[in-house]
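The file query.txt comes next; it holds compact mmCIF, C-alpha atoms.
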# COMPACT_ATOMS: atom_id res chain seq x y z
CA MET R 11 71.95 -25.38 -222.91
CA GLY R 12 69.61 -22.54 -222.04
CA ASN R 13 67.21 -24.89 -220.27
CA MET R 14 70.11 -26.45 -218.37
CA PHE R 15 71.16 -22.98 -217.21
CA ASN R 16 67.59 -22.31 -216.07
CA ALA R 17 67.60 -25.64 -214.23
CA PHE R 18 70.80 -24.66 -212.45
CA LEU R 19 69.26 -21.35 -211.30
CA GLY R 20 66.17 -23.27 -210.18
CA PHE R 21 68.40 -25.63 -208.23
CA LEU R 22 69.97 -22.66 -206.42
CA TYR R 23 66.52 -21.54 -205.31
CA LEU R 24 65.59 -25.06 -204.19
CA TRP R 25 68.87 -25.33 -202.27
CA ALA R 26 68.37 -21.99 -200.49
CA VAL R 27 64.74 -22.66 -199.55
CA ALA R 28 65.35 -26.26 -198.43
CA ASN R 29 68.24 -25.23 -196.19
CA SER R 30 66.39 -22.22 -194.78
CA LEU R 31 63.17 -23.94 -193.74
CA SER R 32 62.53 -26.76 -191.29
CA LEU R 33 61.70 -30.16 -192.78
CA GLU R 34 58.01 -29.71 -192.02
CA GLN R 35 57.95 -26.17 -193.46
CA PHE R 36 59.73 -27.37 -196.62
CA GLY R 37 57.11 -30.11 -196.94
CA LYS R 38 54.32 -27.54 -196.74
CA TYR R 39 56.11 -25.33 -199.29
CA SER R 40 56.63 -28.30 -201.64
CA LEU R 41 52.99 -29.33 -201.51
CA PHE R 42 51.84 -25.78 -202.22
CA VAL R 43 54.16 -25.11 -205.19
CA SER R 44 53.38 -28.53 -206.69
CA LEU R 45 49.71 -27.51 -206.63
CA VAL R 46 50.55 -24.19 -208.31
CA VAL R 47 52.47 -25.98 -211.06
CA VAL R 48 49.74 -28.50 -211.87
CA LEU R 49 47.00 -25.83 -211.76
CA GLY R 50 49.15 -23.56 -213.91
CA ARG R 51 49.41 -26.41 -216.40
CA LEU R 52 45.61 -26.53 -216.56
CA THR R 53 45.80 -23.19 -218.38
CA ASP R 54 47.41 -25.15 -221.20
CA PHE R 55 45.28 -28.34 -221.15
CA GLY R 56 46.81 -29.57 -224.39
CA THR R 57 45.83 -26.45 -226.34
CA ASN R 58 49.41 -25.30 -226.95
CA SER R 59 50.42 -28.43 -228.84
CA ILE R 60 47.13 -28.53 -230.78
CA TYR R 61 47.49 -24.85 -231.71
CA VAL R 62 51.14 -25.24 -232.80
CA THR R 63 50.40 -28.34 -234.85
CA ASN R 64 47.30 -26.81 -236.46
CA SER R 65 49.12 -23.54 -237.19
CA ILE R 66 51.45 -25.50 -239.46
CA LEU R 67 48.81 -27.76 -241.00
CA ARG R 68 45.72 -25.49 -241.12
CA ASN R 69 46.51 -21.93 -239.90
CA PRO R 70 43.95 -21.67 -237.03
CA LYS R 71 42.62 -18.42 -235.55
CA SER R 72 44.85 -16.96 -232.82
CA ALA R 73 41.93 -15.09 -231.23
CA THR R 74 40.17 -18.38 -230.46
CA PHE R 75 43.37 -19.60 -228.81
CA ILE R 76 43.49 -16.47 -226.58
CA TYR R 77 39.87 -16.83 -225.46
CA THR R 78 40.49 -20.49 -224.69
CA LYS R 79 43.40 -19.50 -222.43
CA VAL R 80 41.21 -17.03 -220.53
CA LEU R 81 38.53 -19.68 -219.95
CA LEU R 82 41.07 -22.28 -218.81
CA THR R 83 42.80 -19.82 -216.46
CA LEU R 84 39.56 -18.86 -214.71
CA THR R 85 38.58 -22.53 -214.40
CA ALA R 86 41.98 -23.39 -212.89
CA CYS R 87 41.57 -20.63 -210.29
CA PHE R 88 38.22 -21.98 -209.06
CA ILE R 89 39.58 -25.54 -208.91
CA GLY R 90 42.72 -24.33 -207.12
CA LEU R 91 40.83 -22.55 -204.35
CA ALA R 92 38.77 -25.68 -203.74
CA ILE R 93 41.92 -27.84 -203.54
CA LEU R 94 43.53 -25.44 -201.05
CA LYS R 95 40.48 -25.93 -198.82
CA ILE R 96 40.65 -29.73 -199.13
CA THR R 97 44.40 -29.93 -198.37
CA GLY R 98 44.14 -27.64 -195.36
CA LEU R 99 46.38 -24.97 -196.91
CA PHE R 100 43.67 -22.40 -197.42
CA ASP R 101 44.18 -18.91 -196.06
CA LEU R 102 44.02 -15.46 -197.68
CA ILE R 103 47.78 -15.23 -198.39
CA PHE R 104 48.03 -18.66 -200.01
CA ALA R 105 44.83 -18.02 -202.00
CA VAL R 106 46.18 -14.74 -203.44
CA ILE R 107 49.53 -16.35 -204.29
CA LEU R 108 47.81 -19.31 -205.93
CA VAL R 109 45.54 -17.18 -208.13
CA GLY R 110 48.45 -14.89 -209.06
CA GLY R 111 50.58 -17.91 -209.93
CA ILE R 112 47.87 -19.44 -212.13
CA PHE R 113 47.41 -16.19 -214.07
CA SER R 114 51.20 -15.93 -214.44
CA TYR R 115 51.45 -19.42 -215.87
CA GLY R 116 48.47 -18.79 -218.17
CA LEU R 117 50.16 -15.74 -219.66
CA ILE R 118 53.53 -17.43 -220.11
CA TYR R 119 52.06 -20.58 -221.66
CA THR R 120 50.21 -18.37 -224.15
CA LEU R 121 53.42 -16.62 -225.21
CA TYR R 122 55.19 -19.98 -225.26
CA ALA R 123 52.81 -21.32 -227.93
CA PHE R 124 53.32 -18.27 -230.18
CA TYR R 125 57.11 -18.47 -229.92
CA GLN R 126 57.10 -22.24 -230.43
CA LYS R 127 54.94 -21.88 -233.54
CA GLU R 128 57.51 -19.49 -235.01
CA GLU R 129 60.35 -21.77 -233.80
CA LYS R 130 61.92 -18.90 -231.83
CA TYR R 131 63.67 -21.19 -229.39
CA GLY R 132 65.87 -18.45 -227.94
CA LEU R 133 62.79 -16.58 -226.76
CA LEU R 134 61.28 -19.81 -225.41
CA VAL R 135 64.32 -20.27 -223.19
CA LEU R 136 64.29 -16.62 -222.12
CA LEU R 137 60.65 -16.94 -221.04
CA TYR R 138 61.95 -19.07 -218.19
CA THR R 139 65.40 -17.52 -217.80
CA VAL R 140 64.04 -14.18 -216.59
CA PRO R 141 61.98 -15.79 -213.76
CA ALA R 142 64.89 -18.13 -212.96
CA VAL R 143 67.24 -15.16 -212.50
CA ILE R 144 64.76 -13.56 -210.09
CA LYS R 145 64.57 -16.79 -208.08
CA ALA R 146 68.37 -17.02 -208.03
CA ILE R 147 68.56 -13.47 -206.60
CA PHE R 148 66.12 -14.43 -203.84
CA ALA R 149 68.15 -17.60 -203.24
CA GLY R 150 71.10 -15.37 -202.38
CA LEU R 151 68.95 -13.18 -200.14
CA PHE R 152 67.64 -16.23 -198.28
CA HIS R 153 71.04 -17.92 -197.98
CA PHE R 154 72.81 -14.87 -196.59
CA GLN R 155 69.81 -14.16 -194.33
CA ILE R 156 69.22 -10.73 -195.82
CA LEU R 157 65.59 -11.81 -196.02
CA SER R 158 63.93 -14.10 -193.52
CA THR R 159 62.58 -17.17 -195.33
CA SER R 160 58.99 -18.25 -194.75
CA VAL R 161 56.72 -20.73 -196.49
CA GLU R 162 54.54 -17.88 -197.79
CA LEU R 163 57.43 -15.77 -199.14
CA ALA R 164 59.18 -18.75 -200.75
CA GLY R 165 55.89 -19.83 -202.34
CA ALA R 166 55.19 -16.31 -203.61
CA VAL R 167 58.61 -15.94 -205.24
CA PHE R 168 58.27 -19.33 -206.93
CA SER R 169 54.70 -18.73 -208.13
CA LEU R 170 54.73 -15.07 -209.13
CA SER R 171 58.22 -14.72 -210.61
CA ILE R 172 57.09 -16.68 -213.68
CA ALA R 173 55.15 -13.60 -214.82
CA ALA R 174 58.44 -11.72 -215.31
CA GLY R 175 58.79 -13.44 -218.69
CA VAL R 176 56.35 -10.87 -220.12
CA VAL R 177 59.29 -8.46 -220.50
CA LEU R 178 60.00 -10.33 -223.75
CA LEU R 179 57.00 -8.56 -225.26
CA ILE R 180 59.32 -5.57 -225.57
CA MET R 181 61.58 -7.61 -227.88
CA ASP R 182 58.94 -9.56 -229.78
CA ASN R 183 55.20 -9.08 -229.26
CA PRO R 184 53.26 -11.85 -231.04
CA LEU R 185 49.99 -10.33 -229.80
CA LYS R 186 50.54 -7.09 -231.70
CA GLY R 187 47.79 -6.46 -234.22
CA LEU R 188 45.70 -9.37 -232.94
CA LYS R 189 41.99 -8.65 -233.30
CA LEU R 190 39.72 -10.10 -230.64
CA SER R 191 36.05 -10.79 -231.16
CA LEU R 192 33.33 -11.94 -228.78
CA LYS R 193 32.09 -14.26 -231.54
CA LYS R 194 34.99 -16.66 -231.01
CA ARG R 195 34.20 -20.05 -229.49
CA PRO R 196 36.92 -21.21 -227.07
CA LEU R 197 35.20 -24.55 -226.49
CA GLU R 198 35.98 -25.59 -230.07
CA LEU R 199 39.71 -25.80 -229.31
CA ILE R 200 39.06 -27.55 -225.98
CA LYS R 201 36.94 -30.18 -227.77
CA GLU R 202 40.01 -31.00 -229.86
CA SER R 203 42.55 -30.79 -227.04
CA TRP R 204 40.73 -32.49 -224.14
CA PRO R 205 42.30 -35.98 -224.55
CA ALA R 206 45.79 -34.46 -224.56
CA GLY R 207 44.73 -32.02 -221.83
CA ILE R 208 43.64 -34.76 -219.44
CA SER R 209 46.83 -36.67 -220.23
CA GLN R 210 48.93 -33.58 -219.61
CA THR R 211 47.16 -32.97 -216.30
CA ILE R 212 47.81 -36.56 -215.18
CA THR R 213 51.51 -36.12 -216.00
CA GLU R 214 51.83 -32.73 -214.30
CA MET R 215 49.87 -33.70 -211.21
CA TRP R 216 52.40 -36.42 -210.32
CA PRO R 217 54.42 -34.32 -207.82
CA ALA R 218 51.27 -32.86 -206.23
CA LEU R 219 49.65 -36.28 -206.01
CA SER R 220 52.80 -37.88 -204.58
CA ASN R 221 53.25 -35.06 -202.05
CA SER R 222 49.61 -35.35 -200.98
CA ILE R 223 49.99 -39.10 -200.46
CA ALA R 224 53.21 -38.54 -198.48
CA LYS R 225 51.37 -36.03 -196.28
CA THR R 226 48.55 -38.51 -195.71
CA LEU R 227 51.05 -41.23 -194.75
CA HIS R 228 53.27 -39.33 -192.31
CA GLY R 229 52.63 -35.56 -192.40
CA PHE R 230 54.51 -32.57 -193.87
CA SER R 231 57.96 -33.75 -192.73
CA GLN R 232 57.72 -36.81 -195.00
CA VAL R 233 56.52 -34.55 -197.81
CA GLY R 234 59.78 -32.63 -197.43
CA ILE R 235 61.92 -35.78 -197.69
CA PHE R 236 60.05 -37.13 -200.72
CA ALA R 237 59.73 -33.75 -202.43
CA LEU R 238 63.46 -33.05 -202.37
CA ALA R 239 64.27 -36.38 -204.03
CA ASN R 240 61.47 -35.80 -206.52
CA LYS R 241 62.68 -32.29 -207.40
CA VAL R 242 66.27 -33.41 -207.94
CA SER R 243 65.08 -36.19 -210.24
CA ALA R 244 62.71 -33.80 -212.09
CA ILE R 245 65.55 -32.65 -214.36
CA PHE R 246 64.34 -35.31 -216.80
CA SER R 247 60.99 -33.57 -217.15
CA LEU R 248 62.93 -30.56 -218.34
CA LEU R 249 64.86 -32.70 -220.83
CA SER R 250 61.66 -34.16 -222.28
CA LEU R 251 60.08 -30.69 -222.51
CA SER R 252 63.12 -29.37 -224.39
CA ILE R 253 63.06 -32.28 -226.83
CA PHE R 254 59.28 -32.09 -227.26
CA THR R 255 59.42 -28.34 -227.93
CA VAL R 256 61.90 -28.75 -230.79
CA LEU R 257 60.47 -31.93 -232.32
CA LEU R 258 56.77 -30.97 -232.41
CA PRO R 259 56.92 -28.22 -235.09
CA LYS R 260 59.68 -30.10 -236.90
CA ASN R 261 57.63 -33.30 -237.21
CA ALA R 262 54.46 -31.39 -238.06
CA LYS R 263 56.32 -29.86 -241.01
CA ARG R 264 57.55 -33.33 -242.03
CA LYS R 265 53.96 -34.54 -242.12
CA LYS R 266 52.86 -31.57 -244.19
CA GLN R 267 55.65 -32.41 -246.66
CA GLU R 268 54.45 -36.04 -246.58
CA LEU R 269 57.76 -37.27 -245.15
CA LYS R 270 58.11 -40.24 -242.78
CA TYR R 271 58.16 -39.85 -239.01
CA SER R 272 61.67 -40.57 -237.71
CA PHE R 273 61.42 -43.61 -235.41
CA ASP R 274 65.21 -43.88 -235.39
CA GLU R 275 65.30 -40.46 -233.73
CA VAL R 276 63.02 -41.75 -230.98
CA ALA R 277 65.27 -44.75 -230.30
CA LEU R 278 68.43 -42.63 -230.24
CA ILE R 279 67.03 -40.04 -227.83
CA SER R 280 65.69 -42.80 -225.56
CA MET R 281 69.17 -44.32 -225.31
CA VAL R 282 70.71 -40.92 -224.55
CA LEU R 283 68.22 -40.31 -221.73
CA LEU R 284 68.96 -43.72 -220.22
CA LEU R 285 72.68 -42.94 -220.22
CA ILE R 286 72.02 -39.56 -218.61
CA GLY R 287 69.99 -41.37 -215.94
CA ILE R 288 72.95 -43.56 -215.02
CA VAL R 289 75.17 -40.48 -214.65
CA GLY R 290 72.39 -38.70 -212.78
CA VAL R 291 72.29 -41.39 -210.07
CA ILE R 292 75.93 -40.73 -209.22
CA VAL R 293 75.79 -36.94 -209.45
CA SER R 294 72.51 -36.51 -207.56
CA ARG R 295 73.70 -38.46 -204.50
CA PHE R 296 76.78 -36.25 -204.35
CA VAL R 297 74.59 -33.15 -204.62
CA VAL R 298 72.14 -34.12 -201.86
CA THR R 299 74.93 -35.27 -199.52
CA ASN R 300 77.07 -32.16 -199.93
CA PHE R 301 74.63 -29.32 -200.59
CA PHE R 302 71.62 -30.07 -198.41
CA SER R 303 71.32 -30.22 -194.62
CA PRO R 304 71.34 -33.61 -192.78
CA GLN R 305 67.56 -33.42 -192.30
CA PHE R 306 67.24 -34.65 -195.90
CA LYS R 307 69.47 -37.74 -195.52
CA ASP R 308 66.45 -40.05 -195.92
CA SER R 309 65.94 -38.63 -199.44
CA LEU R 310 69.03 -40.55 -200.60
CA ASP R 311 67.16 -43.88 -200.41
CA LEU R 312 64.59 -42.58 -202.90
CA LEU R 313 66.87 -40.89 -205.43
CA ASN R 314 67.91 -43.89 -207.56
CA ILE R 315 64.31 -45.04 -207.93
CA LEU R 316 62.91 -41.60 -208.77
CA ILE R 317 65.67 -40.75 -211.25
CA PHE R 318 64.90 -43.80 -213.38
CA ALA R 319 61.19 -43.15 -212.95
CA GLY R 320 61.92 -39.65 -214.31
CA VAL R 321 63.90 -41.08 -217.23
CA LEU R 322 61.06 -43.40 -218.24
CA THR R 323 58.49 -40.63 -217.92
CA ALA R 324 60.68 -38.33 -220.03
CA ILE R 325 60.98 -40.94 -222.76
CA ALA R 326 57.21 -41.50 -222.83
CA THR R 327 56.52 -37.75 -222.83
CA PHE R 328 58.66 -36.84 -225.84
CA MET R 329 57.38 -39.93 -227.71
CA GLU R 330 53.88 -38.49 -227.35
CA ASN R 331 54.60 -35.80 -229.94
CA TYR R 332 54.02 -38.54 -232.56
CA PHE R 333 50.33 -38.63 -231.63
CA PHE R 334 50.03 -34.82 -231.77
CA VAL R 335 51.50 -34.84 -235.27
CA GLU R 336 49.26 -37.72 -236.38
CA GLU R 337 46.28 -36.00 -234.67
CA THR R 338 45.39 -39.08 -232.62
CA THR R 339 45.51 -37.48 -229.18
CA LYS R 340 43.05 -39.98 -227.69
CA LYS R 341 45.96 -42.43 -227.73
CA ILE R 342 47.81 -40.06 -225.37
CA LEU R 343 44.83 -40.17 -223.01
CA ALA R 344 44.87 -43.99 -223.05
CA ILE R 345 48.62 -44.01 -222.31
CA ASN R 346 48.30 -41.73 -219.31
CA LEU R 347 45.24 -43.50 -217.94
CA ALA R 348 47.26 -46.73 -218.06
CA LYS R 349 50.10 -44.92 -216.28
CA LEU R 350 47.75 -43.59 -213.60
CA GLY R 351 46.22 -47.03 -213.15
CA ALA R 352 49.67 -48.59 -212.68
CA PHE R 353 50.60 -45.86 -210.18
CA THR R 354 47.40 -46.40 -208.20
CA LEU R 355 47.88 -50.18 -208.04
CA GLY R 356 51.49 -49.64 -207.00
CA ILE R 357 50.45 -47.38 -204.14
CA LEU R 358 47.84 -49.85 -202.91
CA ALA R 359 50.29 -52.76 -203.07
CA LEU R 360 53.55 -51.16 -201.93
CA THR R 361 53.03 -48.15 -199.67
CA PRO R 362 51.52 -50.06 -196.71
CA SER R 363 54.78 -51.96 -196.23
CA LEU R 364 57.40 -49.73 -197.89
CA ALA R 365 55.98 -46.22 -197.14
CA LEU R 366 57.91 -43.59 -199.15
CA LYS R 367 59.94 -46.23 -201.01
CA GLY R 368 56.67 -47.81 -202.08
CA LEU R 369 55.55 -44.44 -203.40
CA ALA R 370 58.82 -44.10 -205.36
CA TYR R 371 58.55 -47.64 -206.78
CA SER R 372 54.96 -46.85 -207.82
CA GLN R 373 56.28 -43.95 -209.92
CA LEU R 374 58.90 -46.24 -211.48
CA ILE R 375 56.27 -48.85 -212.40
CA ALA R 376 54.02 -46.14 -213.83
CA GLY R 377 56.85 -44.78 -215.99
CA LEU R 378 57.66 -48.27 -217.29
CA VAL R 379 54.01 -48.91 -218.17
CA ALA R 380 53.81 -45.54 -219.97
CA VAL R 381 56.84 -46.36 -222.15
CA MET R 382 55.55 -49.85 -222.96
CA VAL R 383 52.05 -48.71 -223.90
CA THR R 384 53.39 -45.76 -225.92
CA ALA R 385 55.79 -48.03 -227.82
CA ILE R 386 53.00 -50.52 -228.58
CA PHE R 387 50.75 -47.75 -229.94
CA MET R 388 53.54 -46.22 -232.02
CA PHE R 389 54.71 -49.42 -233.64
CA THR R 390 51.16 -50.64 -234.20
CA ALA R 391 50.48 -47.37 -236.03
CA LYS R 392 53.69 -47.81 -238.04
CA ARG R 393 52.73 -51.37 -239.00
CA ASN R 394 49.22 -50.30 -240.03
CA THR R 395 50.68 -47.53 -242.19
CA LEU R 396 52.99 -50.00 -243.95
CA VAL R 397 50.12 -52.46 -244.51
CA LYS R 398 47.95 -49.68 -245.95
CA LYS R 399 50.71 -48.66 -248.37
CA MET R 400 51.18 -52.27 -249.51
CA VAL R 401 47.42 -52.65 -250.09
CA ASP R 402 47.34 -49.37 -252.04
CA LYS R 403 50.20 -50.59 -254.28
CA ILE R 404 48.40 -53.87 -254.99
CA LYS R 405 45.28 -51.95 -255.97
How does the structure come out when it is put into structure tokens?
Amino acid sequence: MGNMFNAFLGFLYLWAVANSLSLEQFGKYSLFVSLVVVLGRLTDFGTNSIYVTNSILRNPKSATFIYTKVLLTLTACFIGLAILKITGLFDLIFAVILVGGIFSYGLIYTLYAFYQKEEKYGLLVLLYTVPAVIKAIFAGLFHFQILSTSVELAGAVFSLSIAAGVVLLIMDNPLKGLKLSLKKRPLELIKESWPAGISQTITEMWPALSNSIAKTLHGFSQVGIFALANKVSAIFSLLSLSIFTVLLPKNAKRKKQELKYSFDEVALISMVLLLIGIVGVIVSRFVVTNFFSPQFKDSLDLLNILIFAGVLTAIATFMENYFFVEETTKKILAINLAKLGAFTLGILALTPSLALKGLAYSQLIAGLVAVMVTAIFMFTAKRNTLVKKMVDKIK
């Protein structure tokens, strides 16, 4: 419920910004913030899930985790500045906002891992509630024209407000008493997390990649149309994150206790997400038609496709926690490379004739491939486990 409340506040900000900017300006804003999000995710690079899983199975050093975050954050900043130059968005204001946003995400993802490890889900939600409230306040200021909306200001509020979650350190400071040493080796954790990290980056870069392709096809105005439909459908990413957050420590504990992984749970949650997708198609069209200006009417043609693409991606994402628990993260890399390959082939085959619809169908195909490959890997692993147990009994 907390994440749904945060999503509602985020929707208010999206609504205010989209209706305050021109279509081309909203496209530029969408491309920039999608870059901030994917670069912010690079500060995680799979290390959160590895750290949480290992903390239950092996009790790893927290200081190594901190140093890894610092290294990843600095790397993301250098990559981000280069991407700004390539996309034509580079100027001093955007560069400062980007770097500030990356550091903000790095800090919050670090706290997120500590709270997730301790299963303090209330604090996990609050990490994002505080920034969401700030964005909702600015949404009101933009809507009532108390503040004049610009691409730079809207991007700054989105990118920098995430740092506000640090106020939770007053309530619960997991860094208290932590001893840091220059002898720690951050690359050790990255060596373990890199398959999941690349997979995570592929998943998170989807909006940025799609927006960049839309810009290449028809300019920033088409980015605005596609981005709005993509953002409305992105609610399923939030659902998968919520499920993943709860199931990861739970299933790691089950493994430690030598209990079976619950495949029935996977099937049940998949069915629930599909049902939510059907409802989402109806609700989202009502939302776009009644809450956004007519300049976004072309987004309606993309909504149905992107919602089910989001559902499939959500299902594949929360299924991936199986491979974190079983410590076979290279399977996650294979899944996401297959997904990226399907997306690329879809773009080459469909976008020349279908333009933005082709881009949306490419996401749908990629999501379907991700679910299929993930299911094959999971049930192959289950079969191999059963065969091994039968052989052990015979011996």
List the spatial neighbours of R:Asp311 as a JSON list (two decimals) with C-alpha atoms, keeping the file's coordinate frame - criterion: any atom at most 9 Å away, all atoms listed in the file, same-chain residues fewer than 4 positions off excluded.
[["chain", "number", "residue", "atom", "x", "y", "z"],
["R", 239, "ALA", "CA", 64.27, -36.38, -204.03],
["R", 307, "LYS", "CA", 69.47, -37.74, -195.52],
["R", 315, "ILE", "CA", 64.31, -45.04, -207.93],
["R", 367, "LYS", "CA", 59.94, -46.23, -201.01]]
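In this comparison, which uses all atoms listed in the file, the residue of R:Ala218, R:Ala206, R:Ala244, R:Ile223 approaching R:Thr361 most closely is R:Ile223.
Nearest-residue note for R:Ala385: choosing from R:Ala326, R:Ile200, R:Ala86, R:Ile180, the minimum distance belongs to R:Ala326, counting only C-alpha atoms.
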With distances taken over all atoms listed in the file, the candidate from R:Gly50, R:Gly150, R:Gly175, R:Gly165 nearest R:Phe113 is R:Gly50
Counting all atoms listed in the file, the residue among R:Leu347, R:Met215, R:Leu134, R:Ile103 that lies closest to R:Leu163 is R:Ile103
Can you take the partial stretch 351-372 of chain R, add N, CA and C atoms, and return it as a JSON list (two decimals), in the coordinates of the input?
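As a result, out-v8.json now contains:
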[["chain", "number", "residue", "atom", "x", "y", "z"],
["R", 351, "GLY", "N", 46.70, -45.78, -213.72],
["R", 351, "GLY", "CA", 46.22, -47.03, -213.15],
["R", 351, "GLY", "C", 47.36, -47.83, -212.52],
["R", 352, "ALA", "N", 48.51, -47.88, -213.21],
["R", 352, "ALA", "CA", 49.67, -48.59, -212.68],
["R", 352, "ALA", "C", 50.17, -47.93, -211.40],
["R", 353, "PHE", "N", 50.17, -46.60, -211.37],
["R", 353, "PHE", "CA", 50.60, -45.86, -210.18],
["R", 353, "PHE", "C", 49.68, -46.15, -208.99],
["R", 354, "THR", "N", 48.38, -46.15, -209.26],
["R", 354, "THR", "CA", 47.40, -46.40, -208.20],
["R", 354, "THR", "C", 47.55, -47.81, -207.62],
["R", 355, "LEU", "N", 47.71, -48.80, -208.51],
["R", 355, "LEU", "CA", 47.88, -50.18, -208.04],
["R", 355, "LEU", "C", 49.18, -50.32, -207.25],
["R", 356, "GLY", "N", 50.22, -49.61, -207.72],
["R", 356, "GLY", "CA", 51.49, -49.64, -207.00],
["R", 356, "GLY", "C", 51.37, -49.09, -205.60],
["R", 357, "ILE", "N", 50.65, -47.99, -205.47],
["R", 357, "ILE", "CA", 50.45, -47.38, -204.14],
["R", 357, "ILE", "C", 49.71, -48.34, -203.21],
["R", 358, "LEU", "N", 48.64, -48.95, -203.73],
["R", 358, "LEU", "CA", 47.84, -49.85, -202.91],
["R", 358, "LEU", "C", 48.66, -51.07, -202.47],
["R", 359, "ALA", "N", 49.54, -51.55, -203.36],
["R", 359, "ALA", "CA", 50.29, -52.76, -203.07],
["R", 359, "ALA", "C", 51.56, -52.51, -202.26],
["R", 360, "LEU", "N", 52.21, -51.37, -202.48],
["R", 360, "LEU", "CA", 53.55, -51.16, -201.93],
["R", 360, "LEU", "C", 53.66, -50.20, -200.75],
["R", 361, "THR", "N", 52.85, -49.14, -200.73],
["R", 361, "THR", "CA", 53.03, -48.15, -199.67],
["R", 361, "THR", "C", 52.70, -48.64, -198.26],
["R", 362, "PRO", "N", 51.77, -49.60, -198.09],
["R", 362, "PRO", "CA", 51.52, -50.06, -196.71],
["R", 362, "PRO", "C", 52.75, -50.66, -196.04],
["R", 363, "SER", "N", 53.60, -51.33, -196.82],
["R", 363, "SER", "CA", 54.78, -51.96, -196.23],
["R", 363, "SER", "C", 56.07, -51.17, -196.45],
["R", 364, "LEU", "N", 56.15, -50.43, -197.56],
["R", 364, "LEU", "CA", 57.40, -49.73, -197.89],
["R", 364, "LEU", "C", 57.33, -48.22, -197.69],
["R", 365, "ALA", "N", 56.16, -47.67, -197.38],
["R", 365, "ALA", "CA", 55.98, -46.22, -197.14],
["R", 365, "ALA", "C", 56.49, -45.40, -198.32],
["R", 366, "LEU", "N", 57.45, -44.47, -198.09],
["R", 366, "LEU", "CA", 57.91, -43.59, -199.15],
["R", 366, "LEU", "C", 58.60, -44.34, -200.29],
["R", 367, "LYS", "N", 59.31, -45.42, -199.96],
["R", 367, "LYS", "CA", 59.94, -46.23, -201.01],
["R", 367, "LYS", "C", 58.87, -46.85, -201.91],
["R", 368, "GLY", "N", 57.78, -47.27, -201.31],
["R", 368, "GLY", "CA", 56.67, -47.81, -202.08],
["R", 368, "GLY", "C", 56.10, -46.78, -203.03],
["R", 369, "LEU", "N", 56.02, -45.53, -202.56],
["R", 369, "LEU", "CA", 55.55, -44.44, -203.40],
["R", 369, "LEU", "C", 56.50, -44.21, -204.58],
["R", 370, "ALA", "N", 57.82, -44.28, -204.31],
["R", 370, "ALA", "CA", 58.82, -44.10, -205.36],
["R", 370, "ALA", "C", 58.76, -45.24, -206.37],
["R", 371, "TYR", "N", 58.64, -46.49, -205.88],
["R", 371, "TYR", "CA", 58.55, -47.64, -206.78],
["R", 371, "TYR", "C", 57.27, -47.57, -207.63],
["R", 372, "SER", "N", 56.21, -47.01, -207.07],
["R", 372, "SER", "CA", 54.96, -46.85, -207.82],
["R", 372, "SER", "C", 55.18, -45.92, -209.01]]
